[in-house]
Each structure stands twice: as structure tokens, then as C-alpha cells.
Amino acid sequence: MITKIVMDDVACYRQPTILETDKKINLIYGLNGTGKSTISRFLYNIAEDDPSFSKCQVEGLDDKELLVYNQQFIYDNFYEKEDFPGVFTLSKTNKESEKRIALGQKVKNRLAQQKTMQEELQQNNFNNLQQQRQITEDRIWEIKKDYTGGDRVFEYCLEGLKGSKDKLFEYVASLPKSQNPTKTIEKLKREIENVSGGSNVQVSPVPLLDIPMDKIENNELFSKQIVGNENSSVAELYKKLGNSDWVKQGLSYLPEEAPPPGSKCPFCQQETITFELKKAIQDFFDESYVRDITQLRSLSIEYDRLIALIPLRTQYLLSRFIVETQTEFESLYRNLLSVIHKNKRQIEQKVKTPSQSINLVNTMTLLEEFNAYLLKVNTEIEAHNIKIQNRDTTLKELKQDFWLIMRWKYNYVLDNHQKETKLLLNDKHQIEDNLRLNKDKTQRVESIIREEQLKTINLQEAIDNINGGLLELGIDGFKIKEAGKQHYKLVRAEACKETFKTLSEGEKMIISFLYFREICKGRRSLDSVNTRKILVIDDPISSLSHIYIFNIGRMIMHDFFCSNEFEQIFLLTHSLYFFYEMTDINNDRRKKNQRLFRLQKNHVGSNISDMKYEEIQNDYHTYWSIIKNPGNSPALIANCMRNIVEYFFGFVEKESFNNLLQKEEFQTTRYRAFERYMNRESHSIGQNIFDLSEFDYDIFLEAFKMLFTISKYEKHYERMMKKIH
């Protein structure tokens, strides 16, 4: 169980802020912009050792599995394809487990085939050689099925062999047994297409980077502390101050001529400036100082010029040979530019404060590594061009490569054929021994497959459960349906097809949260073990209509709060209504299982404090007191108005106030700004006042009152306004 979270020196946490708890359920309330998302990002990336959270700590996590739902989770697990709005993928793929499962399945299939052959020998007292040959011929005939027809890339390789199983078998069997080939069938296919297809053109090599960055980076001037004349009468004073750069900047504020009596010094604002003092200051910055500064600026300009010579990333990716090794390219290119731009910033700072020495990173090694990569790409390009020049010879060699791969692929088939002919001479006990060995191997492989399957997410089952969850929430206007391998689309009811063109933010929130619920039932990573989990849920209702908020809350309570599978839950929200909904109204149970926290932000940053159950109502009254004072900031007043109507109509009346805003009274130009603000899906104080010039306190208060009047709650409005007089 997490017992302590320390947030420090990140985002709005300017000083150490501590959350301590010993409860299973921890509810954290705070307006948007107070630091909720920063806490969830810290816990989401806790295994990544993010330097931005270097001063943040968590105690009590130990080896527990931590599952975090926040915007980063949605980004990592929920992607929309740019060319197909509404079609998306879910889940990080469990590639390693899938590979092991696929490999295990292949081994299992091979063992099953061997077992079948052994059992056939046992039942028929060794079949005759003709039957064994027929089995082998059928296996070899898979080559014809797999590599003819379709795109016909390998068609020419099987000329004269496509009409007879016997002929194809004889040809493959006559080939010398091959070792593991260096090429894959996919690579071979690309090479044939490049020679015979539409890509059979010469390709220009990629130019190497010839930019002598190190000549500038190694310049001794950067490590030199550039100061003025040490023989000047004010030199000793500058040494004590330790800031001649500041004095240099202040020179521009001194008058050109002799200062008149009573002139103020631009540094101390006292009447101390004299012509002699001005002359002493100017003499400090002598010719040597000016020469160094001029050279420093020249170095900065030259460095910028060399940076401009580096081609853009998109220019490199025009080459398909680079695209084929894009991961390696991206890493080298990004590392090089990162160091260069860091040097650039240091040089710019040196120009501003020449008295400070800097040490630039030498980029020669990074340039050499990048050019080595480009040389490797150019080698591939050169090989491609040679193949184009010798097309017929190349196709002949590629045909040989094809059969080298096929012979290797079917080595075990042909070997098995020879082996089985010898097995005809073996006795029954030898066959039984083989069957027992086969069974042991199969059991081991099946055990491995079962273990790996436990580590993967059954995505189709998750989709079925998500659709079920949508119905639980009362959402029958759309559902999730498969749209290709690992891609799913939103299928809407017939009447909605023309109304909606893509996923709304609220729909993304619902689907991704339902998917998160499915992940919580299983294991998220290869390293996960079967332990009780700790959940962090960050504002799961921020973009949802009020009609869904109550149901989402019930789902969280039922699936997480009331489940023994989860050791601890942290729920963060900006909604006072939702916060109240998730709080246990039973005083004894609440004291035993729940702890309430408040996040606040002031001029010194964000802080976390304990919150009492009774304070929820107090917050509601506080919102009213804030809107009563027109001297408060427009952003704060408008945000508090929205929190009041959200709490009152959503919690007290179980009604969406957005429906009220659609009434005719709010469609006039006078209330347009109020209506637009209240309807915003995100109402962060830091983001939400769209244009301060649109805020008119009297108009906003008038429209705010009208919400209560037209819904027949004018007395509640008047009572609350009187309470805060």
C-alpha cells in the first residue's frame, strides 16, 4: 500500500507537498490547474525514471502493480488513424508474449504432426513407403499454394514445377540441404519487386553531413571568462560584485555627455554619477573585451549557419532505404540535433553573459556515427543500383535465393521423410518411446503457451466487455466493432450516422475508461505478477455529460471500491458533485476505508491537505461567496459559477444544466459568452476564460440567476445570495 507521496519542484509544486494515507480509498478534490494531472503523470511514469520528477517520491509501492488511468493512458492505448476518422486501436501490444506464443504454437503443431505420424505407424504397423512419400509431397506442395497466384511475385521461380506434385517434390529433394539463409522471404520479395516492378530505377546516394561543428565547439573563447580591463579603477569593485555583465548592460543608460549635477546613477538610483565615474566604467570595457565579444558573436552566427546546413528529418525520410531502418535513423538524428541545439543555447547564453565560462559538447563522435549510418544506407543503395543494371542476372540469383530459403524451410520435412523410411524397420517399442518423448515435449510447450497467454490481454473479450459496459451506462447509440487487424471502429445507430463523423471527447473518455477497467482484471505487462493492484484514476468524467457521471461513479464503486482484488485506489477529480458522489455517506465505513484530500494552489504553488466530509457543503457555500464579489478575477468567478450549477443541477436535481442552456432565453447575443463558457468541456481556471474582454460581471450574474429562475429554483438562488451578504 502506498503510504506517502511527495511532490516537489515539478509543474505547480514549487515546494515539497506531502500526501500521507493508510486507507484503501483516497479521494482527492481540486479545481483544474491545481496539480491533479501532475500527480497521476508522476505515478504513470514512475518506472521510467523521468528527470522532471527527480525530487518526487512514493513510499509503500514495493512490488505492487500500479495501474494509472489518465490522459497519458488514453494517448498510449487509444489512437485514431489520421485517414480513417472513427477507426482506432486499443491496447499496447504484448509483442514478446505473442512471439513466444506463436513460436510455441509452431513447435506444438510440429510435435502434433510428428505424433500423428508416429500413431499412424503404430496403428498400421508401419505404412508403406508410397504413403509416406505422398505425405511429404503434400507438404512440399504448400510451396506452390503459397507462392503462386496472388501478386505473382514468385511465379517465375516455379516455372515448369506447378503442374505436378511429384515433379516439385523431386526438384526440392534434389537440392542440397541448406543452412539458415541470410535473407527472409519478405526481404527477398522486396528485392524482386525492386528489380522487376515499378521501383526498378537508379537511386541517388544520400549525401553525408560535412559540417565542422567541432571547430567552433572546441574554441577556447567559450571557457574564457571575458571581463574588462583589470587595471581599471573600478576593476576591484567588479570583482567584488562578480557581475561585470550587469554593469556592461547598464552602460547604455548613461548619458553621452558629461552628466549634469544631480544626475542619478542607473545602477543605484542615487545622485552619485559623475563624469569621472562614467569614464572609469567605460575604460573597464577595453579593446580586448570588445574584440572577444565580437569574436564570440561571430562564432554564434557561424554555428547557426552550420546548423542550417543539416537537412530536415522529412528530407531524409524521402529515401525508402532510410525508412526501412527508420528507428536507427530517428535515434541518431535526434541525439545529434539534441546536443547541437543544447550547444546553441549555451552559446547564446555566453553572448549574453560573457563573463561566465561554458563547456560545449563535442559533436564529432555523433556526426561520425550518423555518417556511418548514412554510409551503410548508401551501401544498400549501391547494391540496389547494381542489381538494376544487371536485371536478368539478378533475377536468376534471386531465384536461387528463393529455393535456398524453401529448401531450408522444408529441411525438416525432407529429413522426416528419410527418417520415416528408416523407422519402418524399427520395432513397436521404439515407436512407443518416441510417442512418450513427444508427449513430454508437448506438455512443456503447452505449459509455456499457457503461461504466456496469462500475460496477454484478450482484446476481443475486452471489446465485448466494453460493449457490455456501454449498455450498463445506458449508451445504446453506438458500440465497438472490429475494423481490421487490431483496429476497431465506432458503429453508431442508424439515426446518428449523419450527425456524428468521429469520436467525441466524451466517447473517447467512456471507451478508454471501460478498456482500463478490462486491463485491471488481468495483467498489463510482461513483468506483472499476480498481486493485488493499486489504481490511480485521474478525472474519469472531465468530458462527460452529467447523465453518465452517476453511472461511471457507480461502476467505479462496484468494480474497484468494493473489490478485494485492489489493495488501494486513488481517485482525483475536479468535480465537487462527483467527489461527493464517491464519498461513503456511512460515517463508520468512511473512517475505516476512505480518506479525503484537497488540492489547492496559491501564489507559492500547490499543496495537499486533509479534507473533512463536512467541508464538501462548505465548498459549495464558498463558491457562492466568490461570485458575490465582483472584485474577484473573471476566471475565478466564471469557474465558480460553473461549479455551482454542476453541483446543484447534477447532484441535487440529477439533471444536466446543458439542457437548460439550450432554452430560448440563452440564445440571445447578450448571453452568448456565458452560454459558451458554461458549455465548455474543460473548465480549467488556467485555460477557460476565452477572452477577458467578453466577461461582463453583470451579464454573467444576470444569466446565472436566470438558470435558477427558469428551472423554478429562484428561491434557492436568493437564499444563497442572502447568506453571503
# chains A, B, ... in the order shown; residues from 1 in each chain; ligands from 1
$ residues_around --residues "stretch 291-308 of chain A" --least-positions-apart "3" --cutoff "8 Å" --atoms "only C-alpha atoms" --output "PyMOL selection string"
chain A and resi 211-213+216+221-222+226+287-288+311+340+344+347-348+351+354
$ residues_around --residues "A:Glu420" --least-positions-apart "2" --cutoff "12 Å" --atoms "only C-alpha atoms" --output "list in words"
Gln114, Met117, Gln118, Glu120, Leu121, Phe126, Asn127, Asn128, Leu129, Gln130, Gln131, Gln132, Arg133, Ile135, Thr136, Tyr412, Val413, Leu414, Asp415, Asn416, His417, Gln418, Lys422, Leu423, Leu424, Leu425, Asn426 and Ile431 of chain A
$ closest_residue --among "A:Ile358, A:Met721, A:Met557, A:Met641" --to "A:Arg345" --atoms "only C-alpha atoms"
A:Ile358
$ atom_distance --atom1 "atom CA of A:Phe42" --atom2 "atom CA of A:Met7"
8.7 Å
$ closest_residue --among "A:Leu572, A:Ile18, A:Ile101, A:Val491" --to "A:Ser37" --atoms "only C-alpha atoms"
A:Leu572
$ atom_distance --atom1 "atom CA of A:Gly149" --atom2 "atom CA of A:Tyr410"
20.7 Å
$ residues_around --residues "stretch 376-392 of chain A" --least-positions-apart "3" --cutoff "10 Å" --atoms "only C-alpha atoms" --output "JSON, numbers by chain"
{"A": [191, 192, 194, 195, 196, 199, 200, 201, 202, 203, 204, 205, 206, 207, 208, 319, 320, 321, 322, 324, 325, 370, 371, 372, 373, 395, 396, 397, 398]}
$ residues_around --residues "A:Asp214" --least-positions-apart "6" --cutoff "10 Å" --atoms "only C-alpha atoms" --output "ChimeraX atom specification"
/A:303,360-365,367
$ write_last_selection --atoms "all heavy atoms" --output "tab-separated table (two decimals), in the first residue's frame"
chain	number	residue	atom	x	y	z
A	303	TYR	N	27.90	29.13	-36.03
A	303	TYR	CA	27.28	27.89	-35.53
A	303	TYR	C	25.85	27.76	-36.05
A	303	TYR	O	25.42	26.69	-36.46
A	303	TYR	CB	27.28	27.89	-34.00
A	303	TYR	CG	27.20	26.51	-33.39
A	303	TYR	CD1	28.30	25.65	-33.41
A	303	TYR	CD2	26.02	26.05	-32.80
A	303	TYR	CE1	28.24	24.38	-32.85
A	303	TYR	CE2	25.94	24.78	-32.23
A	303	TYR	CZ	27.07	23.96	-32.27
A	303	TYR	OH	26.99	22.70	-31.72
A	360	LEU	N	31.13	23.31	-24.14
A	360	LEU	CA	30.25	22.74	-25.15
A	360	LEU	C	30.57	21.26	-25.36
A	360	LEU	O	31.71	20.83	-25.19
A	360	LEU	CB	30.39	23.49	-26.48
A	360	LEU	CG	30.08	24.98	-26.43
A	360	LEU	CD1	30.25	25.60	-27.82
A	360	LEU	CD2	28.67	25.23	-25.92
A	361	VAL	N	29.53	20.51	-25.72
A	361	VAL	CA	29.71	19.09	-26.02
A	361	VAL	C	30.23	18.95	-27.45
A	361	VAL	O	29.68	19.54	-28.37
A	361	VAL	CB	28.39	18.32	-25.86
A	361	VAL	CG1	28.57	16.86	-26.23
A	361	VAL	CG2	27.86	18.46	-24.44
A	362	ASN	N	31.30	18.20	-27.62
A	362	ASN	CA	31.85	17.98	-28.97
A	362	ASN	C	30.96	16.99	-29.73
A	362	ASN	O	30.71	15.88	-29.26
A	362	ASN	CB	33.28	17.43	-28.86
A	362	ASN	CG	34.00	17.47	-30.21
A	362	ASN	OD1	33.49	16.98	-31.21
A	362	ASN	ND2	35.19	18.06	-30.23
A	363	THR	N	30.46	17.43	-30.88
A	363	THR	CA	29.52	16.60	-31.66
A	363	THR	C	30.22	15.74	-32.70
A	363	THR	O	29.55	15.10	-33.51
A	363	THR	CB	28.49	17.51	-32.36
A	363	THR	OG1	29.19	18.46	-33.19
A	363	THR	CG2	27.64	18.25	-31.35
A	364	MET	N	31.55	15.73	-32.71
A	364	MET	CA	32.27	14.98	-33.75
A	364	MET	C	31.88	13.50	-33.74
A	364	MET	O	31.61	12.90	-34.79
A	364	MET	CB	33.78	15.14	-33.56
A	364	MET	CG	34.60	14.35	-34.59
A	364	MET	SD	34.22	14.82	-36.30
A	364	MET	CE	34.93	16.46	-36.32
A	365	THR	N	31.83	12.90	-32.54
A	365	THR	CA	31.50	11.47	-32.46
A	365	THR	C	30.09	11.20	-32.97
A	365	THR	O	29.85	10.25	-33.70
A	365	THR	CB	31.63	10.99	-31.00
A	365	THR	OG1	32.97	11.20	-30.55
A	365	THR	CG2	31.28	9.51	-30.90
A	367	LEU	N	28.43	13.02	-35.12
A	367	LEU	CA	28.44	13.20	-36.58
A	367	LEU	C	29.02	11.97	-37.27
A	367	LEU	O	28.51	11.52	-38.31
A	367	LEU	CB	29.24	14.45	-36.95
A	367	LEU	CG	28.49	15.78	-36.91
A	367	LEU	CD1	29.47	16.94	-37.01
A	367	LEU	CD2	27.46	15.85	-38.02
$ closest_residue --among "A:Ser512, A:Gln662, A:Thr668, A:Asn109" --to "A:Gln71" --atoms "only C-alpha atoms"
A:Ser512
$ residues_around --residues "stretch 536-538 of chain A" --least-positions-apart "5" --cutoff "10 Å" --atoms "only C-alpha atoms" --output "list in words"
Asn26, Leu27, Ile28, Lys36, Ser37, Thr38, Ile39, Ser40, Arg41, Leu43, Tyr44, Leu66, Leu67, Val68, Tyr69, Asn70, Gln71, Phe513, Phe516, Ile556, Gln568, Ile569, Phe570, Leu571, Leu572, Thr573 and His574 of chain A
